[in-house]
$ cat upload-v9.txt   # compact mmCIF, C-alpha atoms
# COMPACT_ATOMS: atom_id res chain seq x y z
CA MET F 1 21.82 -10.09 25.51
CA LEU F 2 24.06 -12.25 23.41
CA SER F 3 27.20 -11.08 25.21
CA GLU F 4 25.71 -12.11 28.56
CA VAL F 5 24.79 -15.52 27.22
CA LEU F 6 28.28 -15.96 25.83
CA ALA F 7 29.83 -14.85 29.10
CA THR F 8 27.89 -17.31 31.22
CA ALA F 9 27.57 -20.26 28.86
CA PRO F 10 29.76 -23.08 30.20
CA THR F 11 32.35 -24.69 27.97
CA GLN F 12 31.97 -28.37 27.25
CA GLY F 13 34.76 -30.82 27.83
CA THR F 14 35.58 -30.42 24.15
CA GLY F 15 36.07 -26.67 24.57
CA ARG F 16 33.11 -25.63 22.44
CA ARG F 17 31.06 -22.75 23.73
CA LYS F 18 27.33 -23.29 23.64
CA VAL F 19 24.89 -20.58 22.69
CA HIS F 20 21.09 -20.76 22.52
CA GLY F 21 20.91 -24.53 23.08
CA MET F 22 23.02 -25.36 20.04
CA VAL F 23 26.19 -27.36 19.78
CA LYS F 24 28.84 -27.36 17.08
CA ILE F 25 29.60 -30.73 15.58
CA CYS F 26 32.21 -31.88 13.12
CA LEU F 27 32.05 -35.37 11.69
CA THR F 28 32.74 -37.42 8.60
CA VAL F 29 29.71 -38.54 6.61
CA ASN F 30 30.24 -41.08 3.82
CA GLY F 31 33.83 -39.96 3.61
CA ALA F 32 33.20 -36.23 3.50
CA SER F 33 33.77 -33.76 6.33
CA VAL F 34 30.66 -32.07 7.69
CA ASN F 35 30.40 -29.14 10.11
CA ASP F 36 27.17 -27.84 11.54
CA ASP F 37 25.45 -26.19 14.49
CA VAL F 38 22.68 -28.42 15.78
CA PRO F 39 20.15 -28.30 18.62
CA ASP F 40 21.44 -30.32 21.56
CA ASN F 41 18.36 -32.52 21.41
CA MET F 42 18.52 -33.23 17.68
CA LEU F 43 18.59 -36.96 16.98
CA LEU F 44 21.31 -38.24 14.69
CA VAL F 45 18.67 -39.68 12.35
CA ASP F 46 17.02 -36.28 12.05
CA PHE F 47 20.40 -34.64 11.41
CA ILE F 48 21.05 -37.16 8.64
CA ARG F 49 17.62 -36.81 7.06
CA GLU F 50 16.83 -33.14 7.56
CA ARG F 51 20.20 -31.37 7.63
CA LEU F 52 22.12 -33.62 5.28
CA LYS F 53 19.10 -34.55 3.15
CA LEU F 54 20.19 -38.19 3.20
CA THR F 55 16.75 -39.73 3.39
CA GLY F 56 17.71 -43.31 2.73
CA THR F 57 17.90 -43.77 6.51
CA HIS F 58 14.35 -44.15 7.85
CA VAL F 59 12.42 -43.55 11.05
CA GLY F 60 10.16 -46.55 11.56
CA CYS F 61 9.16 -46.61 15.20
CA ASP F 62 9.09 -44.71 18.48
CA THR F 63 10.66 -47.44 20.55
CA SER F 64 14.18 -48.03 19.20
CA GLN F 65 13.20 -51.52 18.12
CA CYS F 66 12.67 -51.54 14.35
CA GLY F 67 16.16 -50.86 12.98
CA ALA F 68 15.04 -48.83 9.95
CA CYS F 69 17.44 -46.13 11.13
CA VAL F 70 20.58 -48.29 11.31
CA ILE F 71 23.78 -46.68 10.05
CA HIS F 72 27.46 -47.35 10.66
CA LEU F 73 29.30 -45.33 13.30
CA ASP F 74 33.06 -45.83 13.09
CA GLY F 75 32.30 -49.02 11.18
CA GLU F 76 29.78 -50.50 13.63
CA SER F 77 26.01 -50.58 13.23
CA VAL F 78 23.99 -48.32 15.51
CA LYS F 79 20.43 -47.04 15.65
CA SER F 80 20.67 -43.41 14.62
CA CYS F 81 17.27 -42.69 16.19
CA SER F 82 18.79 -43.47 19.59
CA MET F 83 21.77 -41.16 19.40
CA LEU F 84 22.02 -37.41 19.54
CA ALA F 85 23.75 -35.74 16.60
CA ALA F 86 26.06 -34.20 19.20
CA MET F 87 27.24 -37.66 20.21
CA ALA F 88 28.58 -38.18 16.68
CA ASP F 89 30.95 -35.21 16.99
CA GLY F 90 34.41 -36.35 15.97
CA LYS F 91 33.14 -39.62 14.56
CA SER F 92 32.75 -41.12 11.11
CA ILE F 93 29.34 -42.28 9.92
CA THR F 94 28.28 -44.22 6.85
CA THR F 95 24.72 -44.22 5.60
CA ILE F 96 23.04 -46.32 2.92
CA GLU F 97 23.95 -43.62 0.43
CA GLY F 98 27.62 -44.21 1.15
CA ILE F 99 28.12 -47.88 0.48
CA ALA F 100 27.92 -48.13 -3.29
CA ASP F 101 31.07 -47.63 -5.34
CA GLY F 102 29.90 -44.96 -7.75
CA ASP F 103 27.34 -46.68 -9.93
CA LYS F 104 28.37 -50.10 -8.73
CA LEU F 105 26.07 -51.39 -5.99
CA HIS F 106 27.59 -52.82 -2.84
CA PRO F 107 27.42 -56.65 -2.98
CA MET F 108 24.81 -56.56 -0.21
CA GLN F 109 22.63 -54.17 -2.20
CA GLU F 110 23.10 -56.28 -5.34
CA ALA F 111 22.16 -59.40 -3.42
CA PHE F 112 18.95 -57.84 -2.05
CA HIS F 113 18.12 -56.82 -5.59
CA GLN F 114 18.82 -60.24 -7.11
CA ASN F 115 17.11 -62.22 -4.36
CA HIS F 116 13.95 -60.14 -3.93
CA GLY F 117 15.04 -59.20 -0.43
CA LEU F 118 12.60 -56.30 -0.20
CA GLN F 119 8.97 -55.42 -0.90
CA CYS F 120 8.08 -51.96 0.36
CA GLY F 121 11.73 -51.21 1.04
CA PHE F 122 11.21 -49.31 4.27
CA CYS F 123 13.29 -51.65 6.43
CA THR F 124 15.79 -52.32 3.69
CA SER F 125 18.45 -49.69 4.23
CA GLY F 126 18.66 -50.67 7.89
CA MET F 127 18.73 -54.35 6.95
CA VAL F 128 21.53 -53.78 4.46
CA MET F 129 23.64 -51.79 6.94
CA SER F 130 23.14 -54.38 9.70
CA ALA F 131 23.82 -57.24 7.31
CA ILE F 132 27.05 -55.69 6.05
CA GLU F 133 28.40 -55.56 9.60
CA LEU F 134 27.15 -59.09 10.29
CA VAL F 135 28.86 -60.57 7.25
CA THR F 136 32.02 -58.54 7.73
CA ASN F 137 32.36 -59.89 11.28
CA ASN F 138 31.21 -63.41 10.45
CA PRO F 139 31.71 -64.29 6.77
CA ASP F 140 30.62 -67.89 7.40
CA ALA F 141 27.43 -66.99 9.26
CA SER F 142 24.90 -69.80 9.32
CA GLU F 143 21.25 -69.20 8.54
CA GLN F 144 20.53 -69.23 12.28
CA GLN F 145 23.28 -66.73 12.94
CA ILE F 146 21.94 -64.47 10.20
CA ARG F 147 18.41 -64.64 11.59
CA GLU F 148 19.65 -63.89 15.10
CA GLY F 149 22.15 -61.31 13.92
CA LEU F 150 19.38 -59.30 12.28
CA GLU F 151 17.15 -59.32 15.34
CA GLY F 152 17.53 -55.55 15.57
CA ASN F 153 15.78 -55.11 12.22
CA ILE F 154 12.07 -55.72 11.82
CA CYS F 155 10.39 -56.34 8.45
CA ARG F 156 6.63 -56.34 8.05
CA CYS F 157 6.52 -57.41 4.42
CA THR F 158 8.80 -60.25 3.51
CA GLY F 159 8.70 -62.78 6.32
CA TYR F 160 12.52 -62.50 6.28
CA HIS F 161 12.98 -65.50 4.00
CA ASN F 162 14.44 -63.62 1.04
CA ILE F 163 16.30 -61.23 3.32
CA VAL F 164 18.20 -64.22 4.70
CA LYS F 165 18.78 -65.51 1.16
CA SER F 166 20.11 -62.11 0.14
CA VAL F 167 22.52 -61.98 3.06
CA GLN F 168 23.75 -65.50 2.32
CA ALA F 169 24.29 -64.59 -1.31
CA ALA F 170 26.13 -61.39 -0.39
CA ALA F 171 28.32 -63.32 2.06
CA GLN F 172 29.49 -65.52 -0.78
CA VAL F 173 30.46 -62.52 -2.89
CA MET F 174 31.96 -60.50 -0.03
CA SER F 175 34.26 -63.34 0.97
CA GLY F 176 35.26 -63.94 -2.60
CA ARG F 177 33.72 -67.38 -2.91
CA MET I 1 12.37 -34.87 23.17
CA TYR I 2 12.31 -31.71 25.22
CA GLN I 3 15.18 -29.24 24.99
CA THR I 4 18.31 -30.25 26.81
CA ARG I 5 21.94 -29.23 27.04
CA TYR I 6 24.49 -31.81 25.92
CA LEU I 7 28.05 -31.74 27.05
CA ARG I 8 30.95 -34.17 27.18
CA ALA I 9 32.73 -34.32 30.52
CA ALA I 10 36.52 -34.03 30.24
CA ASP I 11 37.01 -36.53 33.07
CA VAL I 12 35.20 -38.06 36.04
CA ALA I 13 35.84 -35.07 38.29
CA ASP I 14 34.40 -32.79 35.64
CA ALA I 15 31.36 -35.05 35.30
CA ALA I 16 30.81 -35.17 39.07
CA ALA I 17 31.06 -31.39 39.31
CA ARG I 18 28.28 -31.01 36.78
CA LEU I 19 25.83 -33.34 38.48
CA ASP I 20 22.93 -31.62 40.16
CA ASP I 21 19.17 -32.05 40.25
CA ASP I 22 18.79 -31.10 36.64
CA ALA I 23 21.58 -33.17 35.12
CA LYS I 24 21.78 -36.82 34.16
CA LEU I 25 24.73 -38.90 33.17
CA LEU I 26 24.72 -40.20 29.60
CA ALA I 27 26.46 -43.50 28.90
CA GLY I 28 25.39 -45.50 25.85
CA GLY I 29 22.03 -43.77 25.76
CA MET I 30 20.20 -47.01 24.98
CA THR I 31 17.74 -46.40 27.81
CA LEU I 32 18.00 -42.69 28.53
CA LEU I 33 17.51 -41.41 24.99
CA PRO I 34 14.44 -43.55 24.16
CA THR I 35 13.04 -42.48 27.55
CA MET I 36 13.63 -38.82 26.72
CA LYS I 37 12.08 -39.32 23.28
CA GLN I 38 8.91 -40.50 25.01
CA ARG I 39 9.15 -37.50 27.35
CA LEU I 40 9.30 -39.75 30.38
CA ALA I 41 12.51 -38.02 31.36
CA SER I 42 13.63 -34.48 30.63
CA PRO I 43 16.97 -33.69 32.23
CA GLU I 44 18.09 -30.15 31.57
CA VAL I 45 21.67 -31.27 31.13
CA LEU I 46 23.15 -34.45 29.71
CA VAL I 47 26.68 -35.19 30.89
CA ASP I 48 28.25 -37.62 28.43
CA LEU I 49 30.88 -39.91 30.01
CA ALA I 50 32.38 -40.97 26.66
CA ASP I 51 35.71 -39.19 27.17
CA CYS I 52 36.22 -40.08 30.86
CA GLY I 53 38.46 -43.09 30.32
CA LEU I 54 36.08 -45.63 31.84
CA VAL I 55 36.44 -48.30 29.17
CA GLY I 56 38.45 -51.44 29.76
CA ILE I 57 38.47 -55.02 31.04
CA GLU I 58 41.07 -56.26 33.51
CA ASP I 59 41.85 -59.57 35.19
CA THR I 60 42.72 -58.61 38.76
CA GLY I 61 43.50 -62.19 39.82
CA ASP I 62 40.42 -63.07 41.85
CA ALA I 63 38.05 -61.06 39.74
CA ILE I 64 37.32 -59.53 36.39
CA LYS I 65 37.05 -55.74 36.55
CA ILE I 66 35.03 -54.05 33.83
CA GLY I 67 35.05 -50.28 33.26
CA ALA I 68 31.64 -48.67 33.51
CA MET I 69 31.62 -47.38 29.93
CA THR I 70 32.61 -50.77 28.48
CA ARG I 71 30.07 -51.73 25.85
CA HIS I 72 28.15 -55.01 25.85
CA ALA I 73 29.81 -55.84 22.51
CA ASP I 74 33.23 -55.50 24.15
CA VAL I 75 32.31 -57.75 27.09
CA GLU I 76 30.88 -60.26 24.62
CA ARG I 77 34.10 -60.41 22.62
CA SER I 78 36.60 -60.12 25.47
CA GLU I 79 38.98 -63.06 25.69
CA ILE I 80 39.53 -62.19 29.36
CA VAL I 81 35.84 -62.49 30.18
CA ARG I 82 35.31 -65.54 27.98
CA GLN I 83 38.13 -67.33 29.76
CA ALA I 84 37.22 -66.46 33.31
CA ILE I 85 33.43 -66.01 33.31
CA PRO I 86 32.07 -67.28 29.99
CA GLY I 87 28.50 -67.02 31.32
CA LEU I 88 28.99 -63.26 31.61
CA ALA I 89 30.24 -62.92 28.03
CA ALA I 90 27.29 -65.00 26.88
CA LEU I 91 24.89 -62.78 28.82
CA ALA I 92 26.37 -59.69 27.18
CA SER I 93 26.07 -61.30 23.75
CA ARG I 94 22.29 -61.60 24.12
CA ILE I 95 21.45 -58.14 25.48
CA GLY I 96 19.08 -56.26 23.18
CA ASP I 97 20.34 -56.57 19.65
CA ARG I 98 23.61 -55.92 17.80
CA GLN I 99 23.01 -52.18 17.62
CA VAL I 100 22.19 -51.93 21.32
CA ARG I 101 25.28 -53.96 22.16
CA ASN I 102 27.42 -51.57 20.08
CA ARG I 103 26.37 -48.66 22.30
CA GLY I 104 24.98 -49.89 25.62
CA THR I 105 27.28 -50.06 28.63
CA ILE I 106 27.50 -52.11 31.81
CA GLY I 107 27.63 -48.96 33.96
CA GLY I 108 24.51 -47.60 32.34
CA SER I 109 22.69 -50.88 32.81
CA LEU I 110 23.57 -51.17 36.50
CA ALA I 111 22.94 -47.49 37.25
CA ASN I 112 19.50 -47.76 35.69
CA ASN I 113 18.56 -51.11 37.25
CA ASP I 114 15.75 -51.88 34.86
CA PRO I 115 13.73 -54.74 36.39
CA SER I 116 14.03 -56.62 33.10
CA ALA I 117 17.70 -55.97 32.38
CA CYS I 118 20.25 -58.79 32.33
CA TYR I 119 23.34 -57.36 34.06
CA PRO I 120 21.67 -56.90 37.47
CA ALA I 121 21.12 -60.65 37.64
CA ALA I 122 24.80 -61.29 36.89
CA ALA I 123 25.98 -58.73 39.43
CA LEU I 124 23.75 -60.12 42.16
CA ALA I 125 24.52 -63.78 41.46
CA LEU I 126 28.27 -63.23 41.18
CA SER I 127 28.43 -60.93 44.25
CA ALA I 128 29.93 -58.15 42.19
CA THR I 129 31.40 -54.98 43.67
CA ILE I 130 30.29 -51.70 42.15
CA HIS I 131 33.17 -49.19 42.31
CA THR I 132 32.02 -45.57 42.31
CA ASN I 133 33.90 -42.29 42.50
CA THR I 134 33.26 -42.20 46.26
CA ARG I 135 33.13 -45.83 47.50
CA ASP I 136 32.71 -49.54 46.77
CA ILE I 137 29.23 -51.05 47.00
CA GLU I 138 28.57 -54.78 47.28
CA ALA I 139 25.85 -56.13 44.98
CA ASP I 140 23.72 -57.34 47.90
CA ASP I 141 23.53 -53.73 49.11
CA TYR I 142 23.25 -52.12 45.71
CA PHE I 143 19.91 -53.13 44.18
CA LEU I 144 17.12 -51.44 46.17
CA GLY I 145 14.11 -52.06 43.94
CA MET I 146 12.78 -51.38 40.48
CA PHE I 147 14.96 -48.63 38.90
CA GLU I 148 16.40 -47.90 42.33
CA THR I 149 19.98 -48.33 43.44
CA ALA I 150 22.17 -47.31 46.35
CA LEU I 151 23.86 -44.65 44.22
CA GLU I 152 23.79 -41.10 45.57
CA GLU I 153 22.80 -38.17 43.33
CA ASP I 154 26.40 -37.23 42.53
CA GLU I 155 27.83 -40.72 42.44
CA ILE I 156 29.31 -42.15 39.26
CA ILE I 157 30.01 -45.83 38.63
CA LEU I 158 33.63 -46.23 37.52
CA ALA I 159 33.91 -50.01 37.22
CA VAL I 160 32.38 -53.31 38.31
CA SER I 161 34.37 -56.25 39.68
CA PHE I 162 33.04 -59.79 39.26
CA PRO I 163 34.75 -62.41 41.43
CA LYS I 164 35.58 -65.46 39.33
CA PRO I 165 33.08 -68.26 40.02
CA GLU I 166 33.60 -72.01 39.73
CA ALA I 167 30.79 -72.05 37.20
CA ALA I 168 28.16 -69.56 36.07
CA ALA I 169 25.50 -69.30 33.40
CA TYR I 170 22.50 -67.21 32.42
CA ALA I 171 19.31 -68.31 30.75
CA LYS I 172 16.77 -65.77 29.50
CA PHE I 173 13.33 -66.01 27.95
CA PRO I 174 13.38 -62.78 25.96
CA ASN I 175 10.63 -60.49 24.77
CA PRO I 176 10.79 -61.07 21.00
CA ALA I 177 10.80 -57.38 20.08
CA SER I 178 12.85 -55.71 22.81
CA ARG I 179 14.73 -58.81 23.95
CA TYR I 180 14.44 -57.71 27.56
CA ALA I 181 14.03 -60.64 29.93
CA ILE I 182 10.48 -61.81 30.47
CA ALA I 183 12.33 -64.07 32.86
CA GLY I 184 16.09 -64.34 33.21
CA VAL I 185 18.01 -66.41 35.74
CA PHE I 186 21.73 -66.18 36.49
CA VAL I 187 23.13 -69.15 38.40
CA ALA I 188 26.62 -68.99 39.91
CA ARG I 189 28.50 -71.62 41.85
CA THR I 190 31.12 -69.98 44.00
CA GLY I 191 33.22 -70.74 47.05
CA ASN I 192 30.36 -69.26 49.08
CA GLY I 193 27.78 -71.61 47.64
CA VAL I 194 25.23 -71.24 44.88
CA HIS I 195 23.62 -67.92 44.04
CA VAL I 196 20.48 -67.70 41.91
CA ALA I 197 19.45 -64.23 40.74
CA VAL I 198 16.18 -63.60 38.91
CA THR I 199 15.42 -60.68 36.62
CA GLY I 200 12.49 -59.77 34.39
CA ALA I 201 9.97 -61.50 36.63
CA GLY I 202 9.91 -59.73 40.00
CA ASP I 203 7.76 -56.63 40.36
CA ASP I 204 10.44 -54.91 42.42
CA GLY I 205 13.47 -55.68 40.32
CA VAL I 206 16.20 -58.28 40.48
CA PHE I 207 16.23 -60.64 43.46
CA ARG I 208 17.95 -63.76 44.73
CA HIS I 209 15.79 -66.87 45.13
CA ALA I 210 16.59 -68.40 48.50
CA ALA I 211 14.69 -71.66 47.99
CA MET I 212 16.40 -72.43 44.69
CA GLU I 213 19.79 -71.61 46.22
CA ALA I 214 19.08 -73.96 49.14
CA VAL I 215 18.30 -77.00 47.00
CA LEU I 216 21.09 -76.33 44.55
CA ASN I 217 23.57 -76.10 47.39
CA ILE I 218 22.64 -79.70 48.23
CA SER I 219 22.34 -81.00 44.71
CA PHE I 220 23.48 -78.88 41.78
CA THR I 221 21.19 -80.47 39.22
CA PRO I 222 18.14 -79.30 37.28
CA ALA I 223 16.11 -82.10 38.84
CA ALA I 224 16.77 -80.62 42.28
CA LEU I 225 14.60 -77.66 41.25
CA ASP I 226 11.59 -79.81 40.37
CA ASP I 227 9.99 -79.58 43.77
CA VAL I 228 10.87 -75.96 44.51
CA GLU I 229 7.79 -73.78 44.65
CA ILE I 230 8.26 -70.58 42.69
CA SER I 231 5.65 -68.19 44.00
CA SER I 232 3.94 -65.93 41.51
CA ASP I 233 3.12 -63.41 44.24
CA GLU I 234 5.14 -60.25 43.57
CA MET I 235 5.76 -61.25 39.99
CA ILE I 236 4.99 -59.02 37.04
CA SER I 237 1.80 -59.56 35.06
CA ASP I 238 1.67 -57.73 31.73
CA ILE I 239 0.63 -58.23 28.12
CA HIS I 240 3.67 -60.44 27.52
CA ALA I 241 3.21 -62.89 30.37
CA ASP I 242 1.15 -63.14 33.55
CA ALA I 243 2.67 -63.80 36.96
CA ASP I 244 1.97 -67.54 36.87
CA TYR I 245 3.60 -67.90 33.49
CA ARG I 246 6.59 -65.89 34.68
CA ALA I 247 6.92 -68.14 37.72
CA ALA I 248 6.95 -71.17 35.43
CA LEU I 249 9.50 -69.48 33.16
CA VAL I 250 11.72 -68.68 36.14
CA LYS I 251 11.93 -72.34 37.07
CA GLU I 252 12.61 -73.38 33.47
CA MET I 253 15.30 -70.74 32.98
CA ALA I 254 16.91 -71.73 36.30
CA LYS I 255 17.11 -75.32 35.12
CA ARG I 256 18.63 -74.28 31.81
CA ALA I 257 21.19 -72.14 33.59
CA VAL I 258 22.16 -75.04 35.86
CA ILE I 259 22.59 -77.27 32.82
CA ALA I 260 24.65 -74.59 31.07
CA CYS I 261 26.93 -74.35 34.12
CA GLY I 262 27.96 -77.90 33.49
CA GLU I 263 28.89 -77.30 29.87

$ encode --input "upload-v9.txt" --output "structure tokens"
Amino acid sequence: MLSEVLATAPTQGTGRRKVHGMVKICLTVNGASVNDDVPDNMLLVDFIRERLKLTGTHVGCDTSQCGACVIHLDGESVKSCSMLAAMADGKSITTIEGIADGDKLHPMQEAFHQNHGLQCGFCTSGMVMSAIELVTNNPDASEQQIREGLEGNICRCTGYHNIVKSVQAAAQVMSGR
Amino acid sequence: MYQTRYLRAADVADAAARLDDDAKLLAGGMTLLPTMKQRLASPEVLVDLADCGLVGIEDTGDAIKIGAMTRHADVERSEIVRQAIPGLAALASRIGDRQVRNRGTIGGSLANNDPSACYPAAALALSATIHTNTRDIEADDYFLGMFETALEEDEIILAVSFPKPEAAAYAKFPNPASRYAIAGVFVARTGNGVHVAVTGAGDDGVFRHAAMEAVLNISFTPAALDDVEISSDEMISDIHADADYRAALVKEMAKRAVIACGE
């Protein structure tokens, strides 16, 4: 009976009562507040894609290696396939859908566009999110630092050459050069 | 991933109270969650340590003390660590990739004791002390084999202390996709002599290499390692490298670490 479940369900540290293997989460997504009840075992990437319908973030592997799922959590890049939605409670996330300024592409997006930094596009949202953090932290990144800094993102199409060019071009714009 | 129950512990006591056969501690999740996704682990309860106040880096005089939930990215960037044990900051900077470093923690790494992880080599070579909620464990007593540590079922790592060495460095030959060590060697020169800890190569987890330590204690140079025999018995053979190749890599990484100590 529901009342029995409610009576015996333990409270979490955050004081939320759990019923039927669900947990309440409240987070900011691309600047907007979101509240939902999610299964405890729901991955953040699945929450983003299936609950929020933000399908620009991709699932590319089973092994947490490809980086197609990279988003920003409190401003830092993370693999959303390797986090539970519940772990994002109280946090702020940014997805690929959240980085443009209205109709104006983010400089990183513009650079990938101008420099042919994508072919099939499947790795691209993750690449863009990782690259934004890379350039933000290291505006003068060398080619080697860019190649190493993107080691969490795998591309099967491009051979990385134009991805690196795109990131270098974006770095110029983002640091106002 | 099978069903599970996720909860955030309010503090360490709360976390300890919730630990039983069916519960596992969740730190960064960079190992546990991928493992659960592959259904190789299915704890009924996940106890998240995020709110337990275990983040922080402190210079205690003789040592650097790092809170268990401190992320690799924080160790990498810490001025305290870079000053006192730059080899440790460098090791942290090359774990996994940027996204892993933004989530993964030192406590999680040591509690898991993956035979190809980097931190176990640092802890063993630097004679670290693992501080838990019930006792202090010296590194030499802590690593019991592949994925096995001295931790009891209800024991939680709170922090790790690394005594400051005279010089220390880590050299790793990484798997190009996962960046785990195919062979990683941490060399530390301390008041108690030279320690050489090897990860990624041994089939029973991290270990100290007595023969390399002996020659380096006499002559701390890469050339001193030339004539040391690195046995490939008890080394891992897999699709990435066979035991003989790993043995060769161990020697090469040891030499590079010795050179890096001098820089």

$ residues_around --input "upload-v9.txt" --residues "range 67-74 of chain I" --least-positions-apart "6" --cutoff "7 Å" --atoms "all atoms listed in the file" --output "JSON, numbers by chain"
{"I": [27, 54, 55, 56, 57, 92, 93, 101, 102, 103, 104, 105, 106, 107, 157, 158, 159, 160]}

$ closest_atom_pairs --input "upload-v9.txt" --of "chain F" --to "chain I" --cutoff "10 Å" --atoms "all atoms listed in the file" --output "JSON lines"
{"residue": "F:Pro10", "atom": "CA", "partner": "I:Leu7", "partner_atom": "CA", "distance": 9.4}
{"residue": "F:Thr11", "atom": "CA", "partner": "I:Leu7", "partner_atom": "CA", "distance": 8.3}
{"residue": "F:Gln12", "atom": "CA", "partner": "I:Leu7", "partner_atom": "CA", "distance": 5.2}
{"residue": "F:Gly13", "atom": "CA", "partner": "I:Ala10", "partner_atom": "CA", "distance": 4.4}
{"residue": "F:Thr14", "atom": "CA", "partner": "I:Arg8", "partner_atom": "CA", "distance": 6.7}
{"residue": "F:Gly15", "atom": "CA", "partner": "I:Ala10", "partner_atom": "CA", "distance": 9.3}
{"residue": "F:Arg16", "atom": "CA", "partner": "I:Leu7", "partner_atom": "CA", "distance": 9.2}
{"residue": "F:Lys18", "atom": "CA", "partner": "I:Arg5", "partner_atom": "CA", "distance": 8.7}
{"residue": "F:His20", "atom": "CA", "partner": "I:Arg5", "partner_atom": "CA", "distance": 9.6}
{"residue": "F:Gly21", "atom": "CA", "partner": "I:Arg5", "partner_atom": "CA", "distance": 6.2}
{"residue": "F:Met22", "atom": "CA", "partner": "I:Arg5", "partner_atom": "CA", "distance": 8.1}
{"residue": "F:Val23", "atom": "CA", "partner": "I:Tyr6", "partner_atom": "CA", "distance": 7.8}
{"residue": "F:Pro39", "atom": "CA", "partner": "I:Gln3", "partner_atom": "CA", "distance": 8.1}
{"residue": "F:Asp40", "atom": "CA", "partner": "I:Tyr6", "partner_atom": "CA", "distance": 5.5}
{"residue": "F:Asn41", "atom": "CA", "partner": "I:Gln3", "partner_atom": "CA", "distance": 5.8}
{"residue": "F:Met42", "atom": "CA", "partner": "I:Met1", "partner_atom": "CA", "distance": 8.4}
{"residue": "F:Leu43", "atom": "CA", "partner": "I:Met1", "partner_atom": "CA", "distance": 9.0}
{"residue": "F:Asp62", "atom": "CA", "partner": "I:Gln38", "partner_atom": "CA", "distance": 7.8}
{"residue": "F:Thr63", "atom": "CA", "partner": "I:Pro34", "partner_atom": "CA", "distance": 6.5}
{"residue": "F:Ser64", "atom": "CA", "partner": "I:Pro34", "partner_atom": "CA", "distance": 6.7}
{"residue": "F:Gln65", "atom": "CA", "partner": "I:Ser178", "partner_atom": "CA", "distance": 6.3}
{"residue": "F:Cys66", "atom": "CA", "partner": "I:Ala177", "partner_atom": "CA", "distance": 8.4}
{"residue": "F:Gly67", "atom": "CA", "partner": "I:Gln99", "partner_atom": "CA", "distance": 8.4}
{"residue": "F:Val70", "atom": "CA", "partner": "I:Gln99", "partner_atom": "CA", "distance": 7.8}
{"residue": "F:Ile71", "atom": "CA", "partner": "I:Gln99", "partner_atom": "CA", "distance": 9.4}
{"residue": "F:His72", "atom": "CA", "partner": "I:Gln99", "partner_atom": "CA", "distance": 9.6}
{"residue": "F:Leu73", "atom": "CA", "partner": "I:Asn102", "partner_atom": "CA", "distance": 9.4}
{"residue": "F:Glu76", "atom": "CA", "partner": "I:Asn102", "partner_atom": "CA", "distance": 7.0}
{"residue": "F:Ser77", "atom": "CA", "partner": "I:Gln99", "partner_atom": "CA", "distance": 5.6}
{"residue": "F:Val78", "atom": "CA", "partner": "I:Gln99", "partner_atom": "CA", "distance": 4.5}
{"residue": "F:Lys79", "atom": "CA", "partner": "I:Gln99", "partner_atom": "CA", "distance": 6.1}
{"residue": "F:Ser80", "atom": "CA", "partner": "I:Gln99", "partner_atom": "CA", "distance": 9.6}
{"residue": "F:Cys81", "atom": "CA", "partner": "I:Pro34", "partner_atom": "CA", "distance": 8.5}
{"residue": "F:Ser82", "atom": "CA", "partner": "I:Leu33", "partner_atom": "CA", "distance": 5.9}
{"residue": "F:Met83", "atom": "CA", "partner": "I:Gly29", "partner_atom": "CA", "distance": 6.9}
{"residue": "F:Leu84", "atom": "CA", "partner": "I:Leu33", "partner_atom": "CA", "distance": 8.1}
{"residue": "F:Ala86", "atom": "CA", "partner": "I:Tyr6", "partner_atom": "CA", "distance": 7.3}
{"residue": "F:Met87", "atom": "CA", "partner": "I:Asp48", "partner_atom": "CA", "distance": 8.3}
{"residue": "F:Ser130", "atom": "CA", "partner": "I:Gln99", "partner_atom": "CA", "distance": 8.2}
{"residue": "F:Glu133", "atom": "CA", "partner": "I:Arg98", "partner_atom": "CA", "distance": 9.5}
{"residue": "F:Leu134", "atom": "CA", "partner": "I:Arg98", "partner_atom": "CA", "distance": 8.9}
{"residue": "F:Glu148", "atom": "CA", "partner": "I:Asp97", "partner_atom": "CA", "distance": 8.6}
{"residue": "F:Gly149", "atom": "CA", "partner": "I:Arg98", "partner_atom": "CA", "distance": 6.8}
{"residue": "F:Leu150", "atom": "CA", "partner": "I:Arg98", "partner_atom": "CA", "distance": 7.7}
{"residue": "F:Glu151", "atom": "CA", "partner": "I:Asp97", "partner_atom": "CA", "distance": 6.0}
{"residue": "F:Gly152", "atom": "CA", "partner": "I:Asp97", "partner_atom": "CA", "distance": 5.1}
{"residue": "F:Asn153", "atom": "CA", "partner": "I:Asp97", "partner_atom": "CA", "distance": 8.8}
{"residue": "F:Ile154", "atom": "CA", "partner": "I:Ala177", "partner_atom": "CA", "distance": 8.5}

$ residues_around --input "upload-v9.txt" --residues "Ile259 in chain I" --least-positions-apart "3" --cutoff "8 Å" --atoms "only C-alpha atoms" --output "ChimeraX atom specification"
/I:221-222,255-256,262-263

$ write_last_selection --input "upload-v9.txt" --atoms "C-alpha atoms" --output "compact mmCIF listing (two decimals), in the frame of the given file"
# COMPACT_ATOMS: atom_id res chain seq x y z
CA THR I 221 21.19 -80.47 39.22
CA PRO I 222 18.14 -79.30 37.28
CA LYS I 255 17.11 -75.32 35.12
CA ARG I 256 18.63 -74.28 31.81
CA GLY I 262 27.96 -77.90 33.49
CA GLU I 263 28.89 -77.30 29.87

$ closest_residue --input "upload-v9.txt" --among "I:Ala23, I:Ala167, I:Val250, I:Ile218" --to "Val198 in chain I" --atoms "all atoms listed in the file"
I:Val250
